[in-house]
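Next comes input31.txt, a file with compact mmCIF, C-alpha atoms and all ligand atoms.
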# COMPACT_ATOMS: atom_id res chain seq x y z
CA MET A 805 9.29 62.72 93.95
CA ALA A 806 8.30 63.24 97.61
CA GLU A 807 6.54 66.52 98.34
CA THR A 808 9.27 67.74 100.74
CA SER A 809 12.05 67.38 98.14
CA LEU A 810 10.18 69.76 95.82
CA LYS A 811 10.41 72.59 98.27
CA ASN A 812 12.85 75.25 97.26
CA ARG A 813 13.49 73.78 93.80
CA ILE A 814 12.95 76.39 91.11
CA SER A 815 13.17 75.84 87.34
CA PHE A 816 14.50 78.62 85.11
CA LEU A 817 15.56 79.19 81.50
CA GLY A 818 19.27 78.46 81.84
CA PRO A 819 22.13 78.04 81.91
CA GLU A 820 23.55 80.01 84.85
CA ALA A 821 23.81 83.78 84.31
CA SER A 822 20.85 84.03 81.93
CA PHE A 823 18.58 87.00 82.63
CA THR A 824 15.98 84.52 83.87
CA HIS A 825 18.55 83.11 86.31
CA LEU A 826 19.15 86.62 87.70
CA ALA A 827 15.38 87.13 88.07
CA ALA A 828 14.98 83.75 89.83
CA SER A 829 17.85 84.60 92.22
CA ARG A 830 16.09 87.85 93.13
CA VAL A 831 12.95 86.03 94.37
CA PHE A 832 14.53 82.80 95.67
CA PRO A 833 18.01 83.70 96.99
CA GLY A 834 18.68 80.54 99.05
CA SER A 835 16.89 77.99 96.86
CA THR A 836 18.06 75.29 94.46
CA LEU A 837 17.76 76.82 91.01
CA VAL A 838 17.43 74.16 88.30
CA PRO A 839 18.32 75.22 84.71
CA PHE A 840 16.31 74.05 81.67
CA THR A 841 17.03 74.75 78.01
CA SER A 842 13.55 75.88 76.97
CA ILE A 843 10.54 77.73 78.38
CA PRO A 844 8.15 74.76 77.88
CA GLU A 845 10.55 72.50 79.83
CA CYS A 846 10.63 75.01 82.74
CA ILE A 847 6.84 75.18 82.78
CA GLU A 848 6.40 71.40 82.46
CA ALA A 849 8.74 70.87 85.43
CA VAL A 850 6.22 72.67 87.69
CA ALA A 851 3.23 71.03 86.03
CA GLU A 852 4.78 67.57 86.51
CA GLY A 853 5.78 68.42 90.07
CA SER A 854 9.58 68.05 89.87
CA VAL A 855 10.02 71.67 91.04
CA GLU A 856 7.90 73.96 93.22
CA TYR A 857 8.06 77.10 91.04
CA ALA A 858 9.18 78.11 87.52
CA VAL A 859 10.59 81.48 86.51
CA VAL A 860 10.03 82.34 82.82
CA PRO A 861 10.30 85.54 80.72
CA LEU A 862 6.93 87.03 79.76
CA GLU A 863 7.41 90.45 78.18
CA ASN A 864 10.15 92.85 77.14
CA ALA A 865 9.79 96.63 76.97
CA LEU A 866 11.37 96.78 73.49
CA GLU A 867 10.18 93.56 71.90
CA GLY A 868 6.80 92.91 73.55
CA SER A 869 5.52 89.54 74.72
CA VAL A 870 7.40 86.27 74.72
CA PRO A 871 4.72 84.39 72.71
CA LEU A 872 5.91 80.95 73.82
CA THR A 873 5.21 81.77 77.48
CA VAL A 874 1.80 83.40 76.87
CA ASP A 875 0.62 80.64 74.52
CA TYR A 876 1.89 77.82 76.70
CA LEU A 877 0.03 79.25 79.69
CA PHE A 878 -3.17 79.54 77.67
CA HIS A 879 -3.13 76.32 75.65
CA GLU A 880 -1.04 73.81 77.58
CA ALA A 881 -0.62 74.44 81.30
CA GLN A 882 -2.96 74.92 84.24
CA LEU A 883 -0.67 77.07 86.37
CA TYR A 884 -0.92 80.25 88.43
CA VAL A 885 1.24 83.37 88.61
CA VAL A 886 2.41 83.87 92.20
CA ALA A 887 4.75 86.84 91.56
CA GLU A 888 6.25 88.89 88.75
CA VAL A 889 9.82 90.20 88.51
CA LEU A 890 10.81 93.38 86.66
CA SER A 891 14.47 93.51 85.66
CA PRO A 892 16.51 96.13 83.81
CA ILE A 893 18.26 94.58 80.78
CA SER A 894 21.70 95.65 79.51
CA GLN A 895 23.07 93.77 76.53
CA HIS A 896 26.81 93.54 75.76
CA LEU A 897 28.79 92.04 72.89
CA LEU A 898 30.94 89.20 74.28
CA VAL A 899 33.88 87.35 72.69
CA HIS A 900 36.43 84.77 73.77
CA PRO A 901 39.53 86.63 75.12
CA ASP A 902 41.66 84.91 72.38
CA ASN A 903 39.54 86.74 69.77
CA ALA A 904 39.28 90.15 71.45
CA GLY A 905 41.66 91.76 68.91
CA ALA A 906 40.10 90.29 65.75
CA GLU A 907 38.90 92.69 63.03
CA SER A 908 35.63 91.00 62.12
CA LEU A 909 33.28 88.36 63.50
CA GLU A 910 32.20 85.09 61.88
CA ALA A 911 28.72 85.15 63.50
CA ILE A 912 26.84 86.59 66.48
CA TYR A 913 24.72 84.28 68.67
CA SER A 914 21.97 85.08 71.18
CA HIS A 915 18.38 84.61 72.26
CA PRO A 916 16.01 86.01 69.56
CA HIS A 917 14.73 88.71 71.95
CA ALA A 918 18.28 89.84 72.71
CA LEU A 919 19.20 89.98 68.99
CA ALA A 920 16.05 92.03 68.34
CA GLN A 921 16.81 94.42 71.23
CA CYS A 922 20.13 95.24 69.51
CA HIS A 923 18.80 95.38 65.97
CA LYS A 924 20.00 98.93 65.11
CA PHE A 925 23.45 98.36 66.61
CA LEU A 926 23.85 95.11 64.68
CA TYR A 927 22.58 96.64 61.45
CA TYR A 928 24.96 99.60 61.53
CA THR A 929 28.01 97.90 63.07
CA TYR A 930 27.88 94.26 61.91
CA LYS A 931 25.74 94.51 58.78
CA ASN A 932 27.19 91.49 56.99
CA THR A 933 27.72 89.29 60.02
CA PRO A 934 25.27 86.37 60.29
CA LEU A 935 23.00 86.50 63.35
CA GLU A 936 22.24 83.10 64.89
CA GLN A 937 19.42 82.39 67.34
CA TYR A 938 20.27 80.48 70.49
CA SER A 939 18.20 79.18 73.41
CA SER A 940 19.30 81.95 75.79
CA THR A 941 21.89 84.72 76.09
CA ALA A 942 23.84 82.68 78.65
CA ALA A 943 23.74 79.52 76.49
CA ALA A 944 25.24 81.60 73.66
CA ALA A 945 27.93 82.98 75.99
CA LYS A 946 28.79 79.48 77.23
CA MET A 947 29.06 78.19 73.65
CA VAL A 948 31.37 81.08 72.66
CA SER A 949 33.60 80.28 75.66
CA GLU A 950 33.87 76.63 74.54
CA LEU A 951 34.85 77.44 70.93
CA PRO A 952 37.90 79.74 71.01
CA GLU A 953 38.93 78.48 67.54
CA ARG A 954 35.81 80.15 66.08
CA ASN A 955 35.78 83.93 65.95
CA ILE A 956 32.19 84.27 67.12
CA ALA A 957 30.42 86.54 69.61
CA ALA A 958 27.46 86.30 71.96
CA ILE A 959 25.07 88.98 73.14
CA GLY A 960 24.43 88.74 76.86
CA ASN A 961 24.82 90.30 80.29
CA GLU A 962 27.85 91.14 82.41
CA PHE A 963 27.36 88.10 84.66
CA SER A 964 27.57 85.68 81.74
CA ALA A 965 30.80 87.44 80.61
CA GLU A 966 32.20 86.85 84.10
CA LYS A 967 30.82 83.32 84.52
CA TYR A 968 32.11 82.05 81.15
CA GLY A 969 35.36 84.08 81.07
CA LEU A 970 34.49 86.26 78.07
CA THR A 971 35.71 89.73 77.13
CA ILE A 972 33.17 92.53 76.73
CA LEU A 973 33.89 93.92 73.25
CA GLN A 974 31.17 96.55 73.44
CA ARG A 975 28.88 97.54 76.30
CA ASP A 976 25.22 98.55 76.29
CA ILE A 977 24.42 97.70 72.69
CA HIS A 978 20.61 97.55 73.21
CA ASP A 979 18.93 100.13 70.97
CA PHE A 980 16.77 101.93 73.54
CA HIS A 981 17.75 102.99 77.01
CA PHE A 982 14.55 101.80 78.78
CA ASN A 983 15.07 98.06 78.34
CA HIS A 984 13.24 95.98 80.94
CA THR A 985 11.95 92.41 80.98
CA ARG A 986 9.05 91.10 83.01
CA PHE A 987 9.20 87.52 84.32
CA PHE A 988 6.43 85.33 85.79
CA VAL A 989 6.88 83.05 88.78
CA LEU A 990 4.54 80.10 88.23
CA SER A 991 3.07 77.53 90.61
CA LYS A 992 0.57 74.67 90.49
CA THR A 993 -1.47 76.24 93.28
CA ASN A 994 -3.16 79.62 93.39
CA HIS A 995 -1.43 81.65 96.13
CA ARG A 996 0.85 84.67 96.15
CA LEU A 997 4.38 85.30 97.35
CA GLU A 998 4.73 88.08 99.90
CA ASP A 999 4.77 91.72 98.79
CA PRO A 1000 8.49 92.63 98.74
CA SER A 1001 7.88 96.38 98.61
CA HIS A 1002 5.01 96.43 101.15
CA GLU A 1003 3.22 98.86 98.81
CA GLY A 1004 0.25 96.54 98.51
CA GLN A 1005 -0.23 97.04 94.74
CA VAL A 1006 -1.62 93.74 93.54
CA LYS A 1007 -2.10 92.73 89.90
CA THR A 1008 -4.31 90.03 88.36
CA THR A 1009 -3.68 88.46 84.95
CA LEU A 1010 -6.74 87.28 83.01
CA MET A 1011 -7.05 85.33 79.79
CA ILE A 1012 -10.34 86.23 78.14
CA SER A 1013 -11.84 84.36 75.18
CA PRO A 1014 -14.59 86.43 73.54
CA PRO A 1015 -17.98 84.85 72.72
CA LYS A 1016 -17.92 82.67 69.61
CA ASP A 1017 -20.85 84.42 67.87
CA ASP A 1018 -18.71 87.34 66.67
CA ARG A 1019 -21.39 90.04 67.13
CA SER A 1020 -20.45 93.67 66.72
CA GLY A 1021 -19.27 95.70 69.70
CA VAL A 1022 -18.10 92.74 71.82
CA LEU A 1023 -14.65 94.16 72.49
CA HIS A 1024 -16.25 97.45 73.52
CA GLN A 1025 -18.57 95.57 75.93
CA VAL A 1026 -15.66 93.63 77.42
CA LEU A 1027 -13.68 96.81 78.04
CA SER A 1028 -16.76 98.49 79.55
CA VAL A 1029 -16.97 95.73 82.18
CA PHE A 1030 -13.67 97.05 83.57
CA ALA A 1031 -14.19 100.73 82.77
CA TRP A 1032 -17.38 101.42 84.68
CA ARG A 1033 -16.05 99.55 87.73
CA GLN A 1034 -12.92 101.72 87.57
CA LEU A 1035 -10.75 98.60 87.30
CA ASN A 1036 -7.47 99.82 85.87
CA LEU A 1037 -6.04 97.69 83.03
CA SER A 1038 -2.25 98.03 82.91
CA LYS A 1039 -2.01 95.87 79.77
CA ILE A 1040 -4.21 94.21 77.17
CA GLU A 1041 -2.96 92.18 74.25
CA SER A 1042 -4.48 89.73 71.76
CA ARG A 1043 -3.02 86.33 70.82
CA PRO A 1044 -4.28 83.81 68.27
CA LEU A 1045 -6.70 81.17 69.60
CA LYS A 1046 -5.15 78.86 66.97
CA THR A 1047 -8.64 77.83 65.81
CA GLY A 1048 -8.76 79.87 62.61
CA LEU A 1049 -7.80 83.20 61.10
CA GLY A 1050 -9.19 86.17 63.02
CA ASN A 1051 -9.85 84.14 66.21
CA TYR A 1052 -8.08 85.70 69.19
CA PHE A 1053 -8.05 85.64 72.99
CA PHE A 1054 -7.02 88.58 75.18
CA ILE A 1055 -4.51 88.65 77.96
CA ALA A 1056 -5.27 91.51 80.35
CA ASP A 1057 -3.56 92.73 83.53
CA VAL A 1058 -5.86 94.41 86.05
CA LEU A 1059 -4.53 96.39 89.01
CA GLU A 1060 -6.84 94.70 91.53
CA ASP A 1061 -7.14 91.52 93.60
CA GLU A 1062 -9.16 88.77 91.91
CA GLN A 1063 -11.12 88.37 95.18
CA ALA A 1064 -12.18 92.05 95.34
CA PRO A 1065 -15.99 92.49 95.02
CA MET A 1066 -15.62 94.60 91.86
CA MET A 1067 -13.56 91.81 90.25
CA ARG A 1068 -16.11 89.14 91.22
CA GLY A 1069 -18.76 91.33 89.58
CA ALA A 1070 -16.58 91.72 86.48
CA PHE A 1071 -16.18 87.93 86.17
CA GLU A 1072 -19.97 87.48 86.39
CA GLU A 1073 -20.64 90.13 83.75
CA LEU A 1074 -17.99 88.71 81.41
CA ALA A 1075 -19.61 85.26 81.75
CA ALA A 1076 -23.03 86.82 81.02
CA LEU A 1077 -21.55 88.32 77.83
CA GLY A 1078 -20.50 84.81 76.76
CA CYS A 1079 -16.77 85.22 77.46
CA GLU A 1080 -14.63 82.44 78.89
CA VAL A 1081 -12.32 83.84 81.56
CA LYS A 1082 -9.27 82.12 83.03
CA SER A 1083 -7.65 83.96 85.94
CA LEU A 1084 -3.95 83.24 86.39
CA GLY A 1085 -4.19 84.67 89.92
CA SER A 1086 -3.22 87.85 91.78
CA TYR A 1087 0.37 88.65 92.66
CA PHE A 1088 2.92 91.27 93.74
CA THR A 1089 5.94 92.72 91.90
CA TYR A 1090 9.62 92.08 92.67
CA LYS A 1091 12.06 94.58 91.17
CA SER A 1092 15.70 93.75 90.59
CA GLU A 1093 18.54 96.24 90.27
O1 LIG B 1101 18.25 84.67 77.20
C1 LIG B 1101 18.12 84.99 78.41
O2 LIG B 1101 19.07 85.29 79.12
C2 LIG B 1101 16.78 84.99 78.96
O3 LIG B 1101 16.63 84.90 80.16
C3 LIG B 1101 15.61 85.14 78.00
C4 LIG B 1101 15.26 86.59 77.69
C5 LIG B 1101 13.86 86.70 76.96
O4 LIG B 1101 13.19 85.72 76.72
O5 LIG B 1101 13.47 87.83 76.66
C6 LIG B 1101 15.14 87.35 78.93
C7 LIG B 1101 15.49 88.65 79.02
C8 LIG B 1101 16.04 89.40 77.86
O6 LIG B 1101 14.97 90.18 77.35
C9 LIG B 1101 16.53 88.49 76.79
C10 LIG B 1101 16.24 87.17 76.77

As structure tokens:
Amino acid sequence: MAETSLKNRISFLGPEASFTHLAASRVFPGSTLVPFTSIPECIEAVAEGSVEYAVVPLENALEGSVPLTVDYLFHEAQLYVVAEVLSPISQHLLVHPDNAGAESLEAIYSHPHALAQCHKFLYYTYKNTPLEQYSSTAAAAKMVSELPERNIAAIGNEFSAEKYGLTILQRDIHDFHFNHTRFFVLSKTNHRLEDPSHEGQVKTTLMISPPKDDRSGVLHQVLSVFAWRQLNLSKIESRPLKTGLGNYFFIADVLEDEQAPMMRGAFEELAALGCEVKSLGSYFTYKSE
């Protein structure tokens, strides 16, 4: 595909009206948003060059990381984060209008993160109703709209109710009020999208593999690299290296530019400790309403 035709093509976890679609629309309002049915497909579209950017979910305030995104970025793709999007998440129970008066439900479909965000509600209100995982909240809503003969429900947002003509049976069924999801905007090249808030707070995401010799105190030494330079970590999490039990890498967010002198010093010291460090780049935050 010619370079010019890539411009303004953005992959996202679809279909239309998924939470990822809303996040992508926040950053790229006038662009061509291209839906994919899985996170790896969205990421591969950028890696292969059929789109310029991908928007994928990374982390939810109630459920934690989206492991598929973190692991794919570590093990499979050589991509950079050029922005993050923070979105509030409200989950609703959606049914086909023909079934809005029914007493019970045959099954409830949604993305695994969405089902988990509503765990208490589902346990107390629909204890014996089967919960079925689907590729996204919007895909579940679309499927419910296409099967009026089945008395099934989806969990999803207000926009998917509107888009697929569903009735909201119950609003705000997520278990905790502070429900937010963080999305990454990914690119093949290391740059950053402009700072939408003009606050200048930049963040860098690092993937750190500790030295292989497993000596005592390594984690303490790694954290000290940041601590004595007063580099503020806003997140640190471990994920399996997939090389054996007990082998992990760390994903850390640092509130500093990767080009700042203190960060360059931190990279050198981490290398001297025997760590492998992959920087996913420095970026600004977009917030959606
Ligand atoms: O299913 C969607 O609508 C998505 O965009 C995916 C996703 C996720 O992966 O966490 C995004 C936000 C919500 O937390 C629930 C689901």

Is it possible to get the axis-aligned box enclosing ligand LIG 1101 (chain B) (all listed atoms, 8 Å extra per side) as JSON, with centre and edge lengths in Å rounded to one decimal?
{"center_x": 16.1, "center_y": 87.4, "center_z": 78.4, "size_x": 21.9, "size_y": 21.5, "size_z": 19.5}

| All residues 8 Å or closer to Phe823 of chain A, only C-alpha atoms, same chain fewer than 2 positions away omitted, as a PyMOL selection string | chain A and resi 821+825-827+893+941-942+961

| Spatial neighbours of Ala911 of chain A, 6 Å, all atoms listed in the file, chain gap at least 2 places, as number ranges by chain | A: 909, 933-935, 956

Kindly save the residues from that selection, with C-alpha atoms included, as a PDB file, in the coordinates of the input.
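Output saved as again-v8.pdb:
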ATOM      1  CA  LEU A 909      33.280  88.360  63.500  1.00  0.00           C
ATOM      2  CA  THR A 933      27.720  89.290  60.020  1.00  0.00           C
ATOM      3  CA  PRO A 934      25.270  86.370  60.290  1.00  0.00           C
ATOM      4  CA  LEU A 935      23.000  86.500  63.350  1.00  0.00           C
ATOM      5  CA  ILE A 956      32.190  84.270  67.120  1.00  0.00           C
TER       6      ILE A 956
END

| message | Report as a PyMOL selection string all protein, DNA and RNA residues lying within 8 Å of segment 809-818 of chain A, evaluated on all atoms listed in the file, omitting residues in the same chain fewer than 3 positions from it. | response | chain A and resi 805-806+821-822+824-825+828+832+835-843+846-847+849-850+853-860+940+942-943

| Spatial neighbours of segment 912-920 of chain A, max dist 6 Å, all atoms listed in the file, sep filter under 2 positions, as a list of chain:residue names | A:Cys922, A:His923, A:Leu935, A:Glu936, A:Gln937, A:Tyr938, A:Ser939, A:Ser940, A:Thr941, A:Ala944, A:Ile956, A:Ala957, A:Ala958, A:Ile959

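As for atom CA of Ser949 of chain A and atom CA of Asn903 of chain A, they are spaced 10.6 Å apart.
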
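You can rank A:Ala1056, A:Leu970, A:Val831, A:Leu926 by their closest distance to Glu1041 of chain A using all atoms listed in the file, and at the top of that list sits A:Ala1056.
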
| query | Using only C-alpha atoms, which of A:Ser829, A:Ser891, A:Ser1042, A:Asn932 sits nearest Phe982 of chain A? | reply | A:Ser891

| request: Tell me which of A:Gly1021, A:Pro871, A:Pro861, A:Pro1015 sits closest to ligand LIG 1101 (chain B), counting only C-alpha atoms and all ligand atoms. | output: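 Among A:Gly1021, A:Pro871, A:Pro861, A:Pro1015, it is A:Pro861 that comes nearest to ligand LIG 1101 (chain B).
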
| query | With all atoms listed in the file as the atoms that count, which of A:His978, A:Phe878, A:Gly969, A:Glu953 lies nearest to ligand LIG 1101 (chain B)? | reply |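 Selected residue with least distance to ligand LIG 1101 (chain B): A:His978.
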
| query | atom CA of Pro1000 of chain A and atom CA of Pro1065 of chain A, how far apart in Å? | reply | 24.8 Å

| Counting only C-alpha atoms and all ligand atoms, which of A:Asp1017, A:Glu867, A:Asp1057, A:Glu888 gets nearest to ligand LIG 1101 (chain B)? |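 So, comparing all the options, the nearest one is A:Glu867.
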
| task | Go through A:Asn994, A:Asn983, A:Thr929, A:Ser869 one by one, measure the shortest atom-to-atom distance of each to Gln895 of chain A using only C-alpha atoms, and give the residue with the smallest value. | result | A:Asn983

| request: Between atom CA of Asn955 of chain A and atom CA of Ala904 of chain A, measure the distance and give it in Å to one decimal. | output: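 Separation of atom CA of Asn955 of chain A and atom CA of Ala904 of chain A: 9.0 Å.
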
| request: Name all residues at most 7 Å from Lys1091 of chain A (count all atoms listed in the file; drop same-chain ones fewer than 2 positions away) and give them as a ChimeraX atom specification. | output: /A:889-891,1089,1093

Taking (1.8, 83.3, 92.9) in the file's coordinates, which residues come within 12 Å, counting all atoms listed in the file, written as a PDB file with C-alpha atoms, in the coordinates of the input?
ATOM      1  CA  VAL A 831      12.950  86.030  94.370  1.00  0.00           C
ATOM      2  CA  GLU A 856       7.900  73.960  93.220  1.00  0.00           C
ATOM      3  CA  TYR A 857       8.060  77.100  91.040  1.00  0.00           C
ATOM      4  CA  ALA A 858       9.180  78.110  87.520  1.00  0.00           C
ATOM      5  CA  VAL A 859      10.590  81.480  86.510  1.00  0.00           C
ATOM      6  CA  LEU A 883      -0.670  77.070  86.370  1.00  0.00           C
ATOM      7  CA  TYR A 884      -0.920  80.250  88.430  1.00  0.00           C
ATOM      8  CA  VAL A 885       1.240  83.370  88.610  1.00  0.00           C
ATOM      9  CA  VAL A 886       2.410  83.870  92.200  1.00  0.00           C
ATOM     10  CA  ALA A 887       4.750  86.840  91.560  1.00  0.00           C
ATOM     11  CA  GLU A 888       6.250  88.890  88.750  1.00  0.00           C
ATOM     12  CA  VAL A 889       9.820  90.200  88.510  1.00  0.00           C
ATOM     13  CA  PHE A 988       6.430  85.330  85.790  1.00  0.00           C
ATOM     14  CA  VAL A 989       6.880  83.050  88.780  1.00  0.00           C
ATOM     15  CA  LEU A 990       4.540  80.100  88.230  1.00  0.00           C
ATOM     16  CA  SER A 991       3.070  77.530  90.610  1.00  0.00           C
ATOM     17  CA  LYS A 992       0.570  74.670  90.490  1.00  0.00           C
ATOM     18  CA  THR A 993      -1.470  76.240  93.280  1.00  0.00           C
ATOM     19  CA  ASN A 994      -3.160  79.620  93.390  1.00  0.00           C
ATOM     20  CA  HIS A 995      -1.430  81.650  96.130  1.00  0.00           C
ATOM     21  CA  ARG A 996       0.850  84.670  96.150  1.00  0.00           C
ATOM     22  CA  LEU A 997       4.380  85.300  97.350  1.00  0.00           C
ATOM     23  CA  GLU A 998       4.730  88.080  99.900  1.00  0.00           C
ATOM     24  CA  ASP A 999       4.770  91.720  98.790  1.00  0.00           C
ATOM     25  CA  VAL A1006      -1.620  93.740  93.540  1.00  0.00           C
ATOM     26  CA  LYS A1007      -2.100  92.730  89.900  1.00  0.00           C
ATOM     27  CA  THR A1008      -4.310  90.030  88.360  1.00  0.00           C
ATOM     28  CA  THR A1009      -3.680  88.460  84.950  1.00  0.00           C
ATOM     29  CA  SER A1083      -7.650  83.960  85.940  1.00  0.00           C
ATOM     30  CA  LEU A1084      -3.950  83.240  86.390  1.00  0.00           C
ATOM     31  CA  GLY A1085      -4.190  84.670  89.920  1.00  0.00           C
ATOM     32  CA  SER A1086      -3.220  87.850  91.780  1.00  0.00           C
ATOM     33  CA  TYR A1087       0.370  88.650  92.660  1.00  0.00           C
ATOM     34  CA  PHE A1088       2.920  91.270  93.740  1.00  0.00           C
ATOM     35  CA  THR A1089       5.940  92.720  91.900  1.00  0.00           C
ATOM     36  CA  TYR A1090       9.620  92.080  92.670  1.00  0.00           C
TER      37      TYR A1090
END
